[in-house]
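Student: As input, take coords_10.txt (compact mmCIF, C-alpha atoms):
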# COMPACT_ATOMS: atom_id res chain seq x y z
CA MET B 11 10.30 -5.38 8.64
CA LEU B 12 8.33 -2.21 9.30
CA HIS B 13 4.57 -2.64 9.42
CA ILE B 14 2.49 0.48 8.87
CA VAL B 15 -1.12 0.56 10.02
CA ASN B 16 -3.37 3.52 9.26
CA LYS B 17 -6.88 2.45 10.21
CA SER B 18 -8.67 2.68 13.54
CA ALA B 19 -8.64 -0.67 15.34
CA THR B 20 -12.23 -0.11 16.41
CA GLU B 21 -13.34 0.26 12.78
CA ARG B 22 -11.25 -2.30 10.90
CA ASN B 23 -9.19 -5.41 11.52
CA SER B 24 -5.93 -4.07 9.99
CA LEU B 25 -4.15 -3.75 13.33
CA GLU B 26 -5.35 -7.14 14.54
CA SER B 27 -4.14 -8.79 11.34
CA CYS B 28 -0.84 -6.93 11.46
CA LEU B 29 -0.19 -8.04 15.05
CA ARG B 30 -1.10 -11.63 14.12
CA LEU B 31 1.28 -11.72 11.15
CA ALA B 32 4.21 -9.56 12.30
CA THR B 33 7.24 -11.65 13.23
CA LYS B 34 9.02 -11.16 16.52
CA GLY B 35 11.29 -8.13 16.58
CA SER B 36 9.39 -6.27 13.86
CA ALA B 37 8.50 -2.62 14.14
CA VAL B 38 4.88 -1.47 13.90
CA LEU B 39 4.14 2.17 13.16
CA LEU B 40 0.63 3.47 13.68
CA ILE B 41 -0.36 6.50 11.62
CA GLU B 42 -3.54 8.40 10.76
CA ASP B 43 -6.63 6.86 12.45
CA ALA B 44 -4.60 3.90 13.73
CA VAL B 45 -3.06 6.10 16.44
CA TYR B 46 -6.21 5.83 18.55
CA ALA B 47 -5.14 2.25 19.32
CA VAL B 48 -2.18 3.36 21.45
CA THR B 49 -4.24 5.49 23.82
CA LYS B 50 -5.13 4.53 27.38
CA GLY B 51 -8.47 3.01 28.24
CA GLY B 52 -9.50 1.84 24.79
CA THR B 53 -10.28 -1.73 23.77
CA ALA B 54 -7.16 -1.93 21.58
CA ALA B 55 -4.84 -0.93 24.44
CA ALA B 56 -4.60 -4.45 25.89
CA ASN B 57 -3.63 -5.85 22.48
CA ILE B 58 -0.98 -3.18 22.05
CA GLN B 59 0.44 -3.83 25.51
CA ALA B 60 0.57 -7.57 24.87
CA ALA B 61 2.19 -7.00 21.48
CA MET B 62 4.97 -4.89 23.02
CA ALA B 63 6.56 -8.06 24.38
CA ASP B 64 7.56 -9.07 20.84
CA LEU B 65 7.23 -5.92 18.74
CA GLN B 66 8.40 -2.33 18.79
CA ILE B 67 5.32 -0.12 18.71
CA TYR B 68 5.58 3.41 17.30
CA ALA B 69 2.93 6.08 16.72
CA LEU B 70 3.12 9.18 14.54
CA GLY B 71 3.07 12.24 16.82
CA PRO B 72 1.49 14.74 14.38
CA ASP B 73 -1.45 12.34 13.94
CA LEU B 74 -1.83 12.00 17.73
CA ASP B 75 -1.69 15.79 18.11
CA ALA B 76 -4.24 16.34 15.35
CA ARG B 77 -6.66 14.01 17.12
CA GLY B 78 -6.16 15.41 20.62
CA MET B 79 -4.66 12.13 21.82
CA SER B 80 -1.04 13.01 22.61
CA ALA B 81 -1.50 13.10 26.39
CA ARG B 82 -3.16 9.68 26.45
CA VAL B 83 -0.44 7.54 24.89
CA LEU B 84 0.31 4.19 26.54
CA ASP B 85 3.66 3.78 28.29
CA GLY B 86 6.19 1.99 26.11
CA VAL B 87 4.88 3.35 22.81
CA LYS B 88 7.48 5.41 21.02
CA VAL B 89 6.11 8.59 19.50
CA VAL B 90 7.93 9.73 16.35
CA ASP B 91 7.60 12.68 13.97
CA TYR B 92 7.79 12.41 10.16
CA GLY B 93 11.58 12.36 10.45
CA GLY B 94 11.27 9.34 12.73
CA PHE B 95 8.91 7.75 10.20
CA VAL B 96 11.52 8.19 7.48
CA ASP B 97 14.21 6.75 9.77
CA LEU B 98 12.06 3.68 10.47
CA VAL B 99 11.61 3.10 6.74
CA ALA B 100 15.35 3.47 6.19
CA GLU B 101 16.31 1.21 9.12
CA ASN B 102 14.02 -1.66 8.13
CA ASN B 103 14.70 -3.61 4.93
CA VAL B 104 11.07 -3.77 3.88
CA CYS B 105 7.87 -2.02 4.81
CA GLN B 106 4.36 -3.37 4.56
CA SER B 107 1.24 -1.23 4.74
CA TRP B 108 -1.90 -2.80 6.19
CA LEU B 109 -4.53 -0.97 4.19
CA MET F 22 11.19 7.50 -19.67
CA SER F 23 11.77 10.73 -17.78
CA ASP F 24 14.98 12.33 -16.62
CA MET F 25 14.13 11.18 -13.13
CA MET F 26 14.97 7.69 -14.17
CA ASP F 27 18.64 8.65 -14.05
CA ASP F 28 18.16 8.05 -10.34
CA MET F 29 16.83 4.61 -11.04
CA GLU F 30 19.63 3.16 -13.12
CA GLY F 31 21.41 0.07 -11.98
CA GLY F 32 18.38 -2.14 -11.46
CA GLU F 33 18.88 -4.33 -14.52
CA GLY F 34 18.96 -8.03 -13.86
CA VAL F 35 17.81 -7.64 -10.28
CA VAL F 36 15.33 -10.27 -9.11
CA LYS F 37 13.43 -9.29 -6.00
CA LYS F 38 10.82 -11.13 -4.01
CA PHE F 39 7.59 -9.24 -4.67
CA MET F 40 4.57 -9.96 -2.56
CA PHE F 41 1.11 -8.68 -3.40
CA VAL F 42 -1.10 -8.70 -0.32
CA ASN F 43 -4.84 -8.97 -0.91
CA ARG F 44 -6.98 -8.23 2.13
CA LYS F 45 -10.15 -6.90 0.54
CA ALA F 46 -13.24 -8.55 -0.86
CA PRO F 47 -14.02 -8.10 -4.57
CA HIS F 48 -16.71 -5.81 -6.08
CA GLY F 49 -17.41 -3.65 -3.01
CA THR F 50 -14.23 -1.74 -3.86
CA ILE F 51 -11.93 -1.84 -6.89
CA TYR F 52 -8.76 -2.84 -5.02
CA ALA F 53 -8.96 -6.54 -5.88
CA LEU F 54 -9.42 -5.90 -9.61
CA GLU F 55 -6.79 -3.18 -9.95
CA GLY F 56 -4.48 -5.15 -7.68
CA LEU F 57 -4.69 -8.08 -10.04
CA GLU F 58 -3.77 -5.78 -12.93
CA VAL F 59 -0.49 -4.91 -11.22
CA VAL F 60 0.30 -8.56 -10.66
CA LEU F 61 -0.21 -9.34 -14.34
CA VAL F 62 2.10 -6.49 -15.34
CA SER F 63 4.72 -7.59 -12.79
CA ALA F 64 4.99 -10.89 -14.67
CA ALA F 65 6.82 -9.09 -17.49
CA PHE F 66 9.63 -8.05 -15.14
CA ASP F 67 10.89 -11.56 -14.28
CA GLN F 68 10.61 -11.04 -10.54
CA ASP F 69 9.89 -13.67 -7.87
CA VAL F 70 6.19 -12.90 -7.40
CA SER F 71 3.86 -14.19 -4.68
CA MET F 72 0.22 -13.34 -4.10
CA VAL F 73 -1.21 -13.76 -0.65
CA PHE F 74 -4.83 -13.68 0.39
CA VAL F 75 -5.63 -12.91 4.00
CA ASP F 76 -8.71 -11.59 5.79
CA ASP F 77 -11.46 -10.66 3.31
CA GLY F 78 -8.97 -11.12 0.48
CA VAL F 79 -9.82 -14.83 0.46
CA TYR F 80 -13.27 -13.89 -0.87
CA GLU F 81 -11.57 -12.87 -4.14
CA LEU F 82 -10.98 -16.54 -4.91
CA ILE F 83 -14.49 -17.90 -4.38
CA LYS F 84 -15.86 -20.17 -7.11
CA GLY F 85 -19.12 -19.51 -8.86
CA MET F 86 -19.30 -15.72 -8.88
CA ASN F 87 -21.98 -14.28 -11.12
CA THR F 88 -21.67 -10.52 -11.52
CA LYS F 89 -24.27 -10.07 -14.25
CA GLY F 90 -26.82 -8.68 -11.82
CA ILE F 91 -24.50 -5.95 -10.55
CA GLU F 92 -23.26 -5.18 -14.08
CA VAL F 93 -19.56 -5.30 -13.24
CA LYS F 94 -16.78 -7.34 -14.78
CA ASP F 95 -16.27 -10.83 -13.35
CA PHE F 96 -12.51 -10.90 -13.05
CA SER F 97 -12.38 -13.96 -10.81
CA LYS F 98 -11.56 -16.18 -13.79
CA THR F 99 -8.41 -14.15 -14.33
CA TYR F 100 -6.92 -15.84 -11.27
CA ARG F 101 -7.03 -19.06 -13.28
CA ALA F 102 -4.94 -17.43 -16.00
CA LEU F 103 -2.15 -16.49 -13.60
CA ASP F 104 -0.15 -19.65 -14.15
CA GLY F 105 -0.01 -18.71 -17.85
CA TYR F 106 1.93 -15.66 -16.66
CA ASP F 107 4.20 -17.87 -14.54
CA ILE F 108 2.60 -16.54 -11.39
CA GLU F 109 2.13 -19.75 -9.47
CA LYS F 110 2.78 -18.79 -5.87
CA LEU F 111 -0.65 -18.20 -4.40
CA TYR F 112 -1.02 -18.42 -0.64
CA VAL F 113 -4.02 -18.18 1.65
CA GLU F 114 -4.06 -18.01 5.43
CA GLN F 115 -5.86 -20.88 7.17
CA SER F 116 -7.33 -18.75 9.94
CA SER F 117 -8.75 -16.26 7.40
CA MET F 118 -10.45 -19.18 5.64
CA ASP F 119 -11.71 -20.65 8.93
CA ALA F 120 -13.13 -17.33 10.08
CA ARG F 121 -15.21 -17.18 6.90
CA GLY F 122 -16.36 -20.79 6.82
CA LEU F 123 -14.30 -21.57 3.71
CA THR F 124 -12.16 -24.48 2.60
CA GLU F 125 -9.84 -24.97 -0.37
CA ALA F 126 -12.72 -26.68 -2.22
CA ASP F 127 -14.50 -23.30 -2.32
CA LEU F 128 -11.67 -21.64 -4.26
CA ILE F 129 -11.36 -21.14 -8.01
CA VAL F 130 -7.60 -21.84 -8.13
CA ASP F 131 -5.09 -24.11 -6.44
CA VAL F 132 -3.47 -22.40 -3.50
CA THR F 133 -1.05 -23.19 -0.74
CA VAL F 134 -2.69 -22.91 2.65
CA LEU F 135 -0.42 -21.58 5.39
CA ASP F 136 -0.98 -21.22 9.10
CA SER F 137 -0.46 -17.76 10.53
CA ALA F 138 3.12 -18.40 11.62
CA GLU F 139 4.04 -19.67 8.14
CA MET F 140 2.33 -16.69 6.53
CA ALA F 141 4.20 -14.34 8.86
CA SER F 142 7.52 -15.96 7.89
CA LEU F 143 6.69 -15.71 4.19
CA MET F 144 5.88 -12.01 4.55
CA ALA F 145 9.09 -11.42 6.48
CA GLU F 146 11.30 -12.80 3.71
CA GLN F 147 10.04 -10.47 0.95
CA ASP F 148 11.94 -7.59 -0.65
CA VAL F 149 8.93 -5.58 -1.80
CA VAL F 150 5.41 -5.76 -0.36
CA ILE F 151 2.56 -4.11 -2.24
CA SER F 152 -0.81 -4.06 -0.50
CA TYR F 153 -4.25 -2.88 -1.44
CA MET G 26 18.63 5.83 0.01
CA LYS G 27 16.06 5.71 -2.79
CA ILE G 28 12.51 5.56 -1.47
CA GLY G 29 9.66 4.95 -3.91
CA ILE G 30 6.09 5.79 -2.94
CA MET G 31 2.66 4.57 -4.03
CA VAL G 32 -0.43 6.66 -3.33
CA SER G 33 -3.71 4.76 -3.62
CA GLU G 34 -6.31 7.33 -2.62
CA GLY G 35 -7.42 10.67 -3.98
CA PRO G 36 -6.86 14.01 -2.26
CA TYR G 37 -9.10 15.32 0.53
CA ASN G 38 -11.30 12.25 0.98
CA HIS G 39 -8.51 10.33 2.68
CA GLN G 40 -5.40 11.42 4.55
CA ALA G 41 -3.22 9.10 2.46
CA SER G 42 -2.00 11.72 0.01
CA ASP G 43 -1.22 14.18 2.82
CA THR G 44 0.77 11.63 4.76
CA ALA G 45 2.59 10.51 1.61
CA TYR G 46 3.51 14.09 0.78
CA LEU G 47 4.77 14.91 4.28
CA PHE G 48 6.73 11.66 4.32
CA ALA G 49 8.26 12.37 0.89
CA ARG G 50 9.17 15.96 1.76
CA THR G 51 10.76 14.90 5.03
CA ALA G 52 12.68 12.06 3.38
CA ILE G 53 14.14 14.54 0.87
CA GLU G 54 14.98 17.02 3.66
CA LYS G 55 16.85 14.22 5.42
CA GLY G 56 18.98 13.57 2.34
CA HIS G 57 17.15 10.61 0.83
CA LYS G 58 15.98 10.48 -2.76
CA VAL G 59 12.36 10.02 -3.73
CA PRO G 60 12.82 9.13 -7.41
CA ARG G 61 9.18 8.36 -8.08
CA VAL G 62 5.67 8.63 -6.64
CA PHE G 63 3.19 6.32 -8.36
CA PHE G 64 -0.49 7.24 -8.20
CA TYR G 65 -2.86 4.29 -8.43
CA HIS G 66 -6.53 3.50 -7.79
CA ASP G 67 -8.30 6.76 -6.85
CA GLY G 68 -4.83 8.17 -6.20
CA VAL G 69 -4.82 9.26 -9.85
CA ASN G 70 -7.13 12.09 -8.78
CA ASN G 71 -4.17 13.80 -7.12
CA SER G 72 -2.94 14.83 -10.55
CA THR G 73 -5.63 17.12 -11.96
CA ARG G 74 -4.92 20.83 -12.29
CA LEU G 75 -8.68 21.45 -12.24
CA THR G 76 -8.58 21.00 -8.46
CA GLU G 77 -9.61 24.17 -6.62
CA PRO G 78 -9.70 23.79 -2.85
CA PRO G 79 -10.88 26.70 -0.65
CA THR G 80 -8.12 29.29 -0.24
CA ASP G 81 -7.70 28.54 3.49
CA ASP G 82 -6.98 24.87 2.82
CA ARG G 83 -3.81 23.20 1.56
CA ASN G 84 -3.60 22.56 -2.17
CA VAL G 85 -2.70 18.88 -2.34
CA VAL G 86 -2.13 18.88 -6.10
CA ASN G 87 0.09 21.97 -6.18
CA ARG G 88 2.13 20.63 -3.29
CA TRP G 89 3.00 17.53 -5.29
CA SER G 90 3.81 19.67 -8.35
CA LYS G 91 6.17 21.83 -6.30
CA LEU G 92 7.92 18.76 -4.88
CA ALA G 93 8.46 17.55 -8.43
CA GLU G 94 9.77 20.91 -9.55
CA ASP G 95 12.08 21.47 -6.58
CA HIS G 96 13.42 17.95 -6.17
CA GLY G 97 12.92 16.16 -9.47
CA VAL G 98 10.38 13.70 -8.13
CA ASP G 99 8.83 11.71 -11.00
CA LEU G 100 5.05 11.85 -10.45
CA VAL G 101 3.54 8.98 -12.42
CA VAL G 102 -0.20 8.51 -12.87
CA CYS G 103 -1.34 5.02 -13.83
CA ILE G 104 -2.80 5.12 -17.33
CA ALA G 105 -5.36 2.36 -16.81
CA ALA G 106 -6.61 3.70 -13.47
CA GLY G 107 -6.52 7.26 -14.83
CA MET G 108 -8.52 6.49 -17.97
CA ARG G 109 -11.22 4.86 -15.84
CA ARG G 110 -11.48 8.07 -13.85
CA GLY G 111 -11.19 10.68 -16.59
CA ILE G 112 -7.58 11.66 -15.96
CA LYS G 113 -5.95 12.70 -19.24
CA ASP G 114 -2.85 14.58 -20.34
CA GLU G 115 -4.78 17.79 -20.96
CA ILE G 116 -5.80 18.16 -17.32
CA LEU G 117 -2.54 17.11 -15.65
CA ALA G 118 -0.94 19.51 -13.18
CA PRO G 119 2.75 20.34 -13.73
CA GLY G 120 5.19 17.58 -12.90
CA PHE G 121 2.75 14.71 -13.42
CA ARG G 122 2.90 12.30 -16.33
CA ILE G 123 0.75 9.36 -17.36
CA SER G 124 2.36 5.98 -17.81
CA GLY G 125 1.84 2.27 -17.26
CA LEU G 126 1.79 0.02 -14.23
CA GLY G 127 5.26 -1.15 -15.15
CA GLN G 128 6.50 2.11 -13.63
CA LEU G 129 5.29 0.92 -10.23
CA VAL G 130 6.98 -2.45 -10.56
CA GLU G 131 10.13 -0.73 -11.81
CA ALA G 132 10.12 1.55 -8.75
CA GLY G 133 9.82 -1.56 -6.57
CA ILE G 134 12.81 -3.13 -8.29
CA GLN G 135 15.04 -0.09 -8.44
CA CYS G 136 14.29 1.71 -5.20
CA ASP G 137 15.67 0.56 -1.86
CA ARG G 138 12.21 0.88 -0.31
CA LEU G 139 8.65 1.14 -1.56
CA VAL G 140 6.12 2.67 0.81
CA THR G 141 2.38 2.47 0.14
CA PHE G 142 -0.11 5.06 1.36
CA GLY G 143 -3.77 4.20 0.94
CA ASP G 144 -7.01 3.56 2.69
What does this structure look like when you write it as structure tokens?

Tutor:
Amino acid sequence: MLHIVNKSATERNSLESCLRLATKGSAVLLIEDAVYAVTKGGTAAANIQAAMADLQIYALGPDLDARGMSARVLDGVKVVDYGGFVDLVAENNVCQSWL
Amino acid sequence: MSDMMDDMEGGEGVVKKFMFVNRKAPHGTIYALEGLEVVLVSAAFDQDVSMVFVDDGVYELIKGMNTKGIEVKDFSKTYRALDGYDIEKLYVEQSSMDARGLTEADLIVDVTVLDSAEMASLMAEQDVVISY
Amino acid sequence: MKIGIMVSEGPYNHQASDTAYLFARTAIEKGHKVPRVFFYHDGVNNSTRLTEPPTDDRNVVNRWSKLAEDHGVDLVVCIAAGMRRGIKDEILAPGFRISGLGQLVEAGIQCDRLVTFGD
């Protein structure tokens, strides 16, 4: 299962709910405003780091770039481009968006 | 039917597990109402349909709504009609209910209450997940 | 692989339509098929040819039309959601058509994946 989260974790609970309900081994891709969650020093960073024990965490590079956040990405988060996004959708049987 | 549907042939007789994920409260936005419209249409396709209510989505099922004062349609009674469409798999997450001070007695329809691990497993076994 | 897409937000207000478009274009470039994009909720507003963004901005509507023309993507606007929001045949941009919600369910059944972009 690929979980896609697009909302800032400091504005909405989408990421929190996704991390609560994603089963072990799932992939989580953060896009749009959700990418702020994978940057160092923020309140969501600890949750992301804890989640990496059970989940693969990805972030969409063009969204990080657009927000000036590319240099602040937490270690262990895999940054992908749109091609990587497509690959994640293809590799996982189902995808669920946390709107 | 457009020409594009040539790409879509071969789906006849397929039964997939469809899950509709409701995470938003009613009335403040239209997602709950229009989401319900998709579920009703999906009933005509003989798929294995589940509706789940997590986070603020559980507010969609509250008894005793009165929308007269805001002059919008009260669609909450439509949830009661779902079993007439053979849509009987309604699930709510316990922790979402707890966080909002709600119990099953507050809801307009019969639901199955799942803990978060059970909800996670249910989500993981779907073929198609549509969220609003 | 056949990848269906649902877009739930209008252009410009949210990034959803932009992300959906870039995803769809990239999927096609990588050899996948995007048989259908279904526009629901305020997403129906992606379909109007009356859209006129400033000339230095991307034209979200025309981009979808071009994707349909170049790659045969079926751009379906939900009739119920569209009627609520004043979207009718006479204002549709090229490549879009209006149809029912069954087209979304059908895409879910017949595509290998269905990806939702919204708010």

Student: Box along x, y and z, 4 Å on every side, all listed atoms of stretch 135-145 of chain F inside: centre and edge lengths in Å to one decimal, as lines of an AutoDock Vina configuration file.

Tutor:
center_x = 4.1
center_y = -16.5
center_z = 7.9
size_x = 18.1
size_y = 18.2
size_z = 15.4

Student: Using all atoms listed in the file, I'd like every residue of chain F that has an atom within 7 Å of chain B; please write them out as an NGL selection string.

Tutor: :F and (137-138 or 140-142 or 145 or 148-150 or 152-153)

Student: Contacts of G:Asp99 at 7 Å or less, counting only C-alpha atoms, minus same-chain residues fewer than 2 places along, as a ChimeraX atom specification?

Tutor: /F:25 /G:60-62,93,97,101

Student: Using only C-alpha atoms, which of B:Ile41, B:Leu25, B:Ala81, B:Val90 sits nearest chain G?

Tutor: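 The closest residue to chain G is B:Ile41.
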
Student: Which distance in Å separates atom CA of G:His57 and atom CA of G:His39, to one decimal?

Tutor: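 Value for the atom CA of G:His57-atom CA of G:His39 distance: 25.7 Å.
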
Student: Taking into account only C-alpha atoms, which residue in the set B:Gly93, B:Gly78, B:Gly35, B:Gly86 is nearest to chain G?

Tutor: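 Under the stated criterion, the closest residue is B:Gly93.
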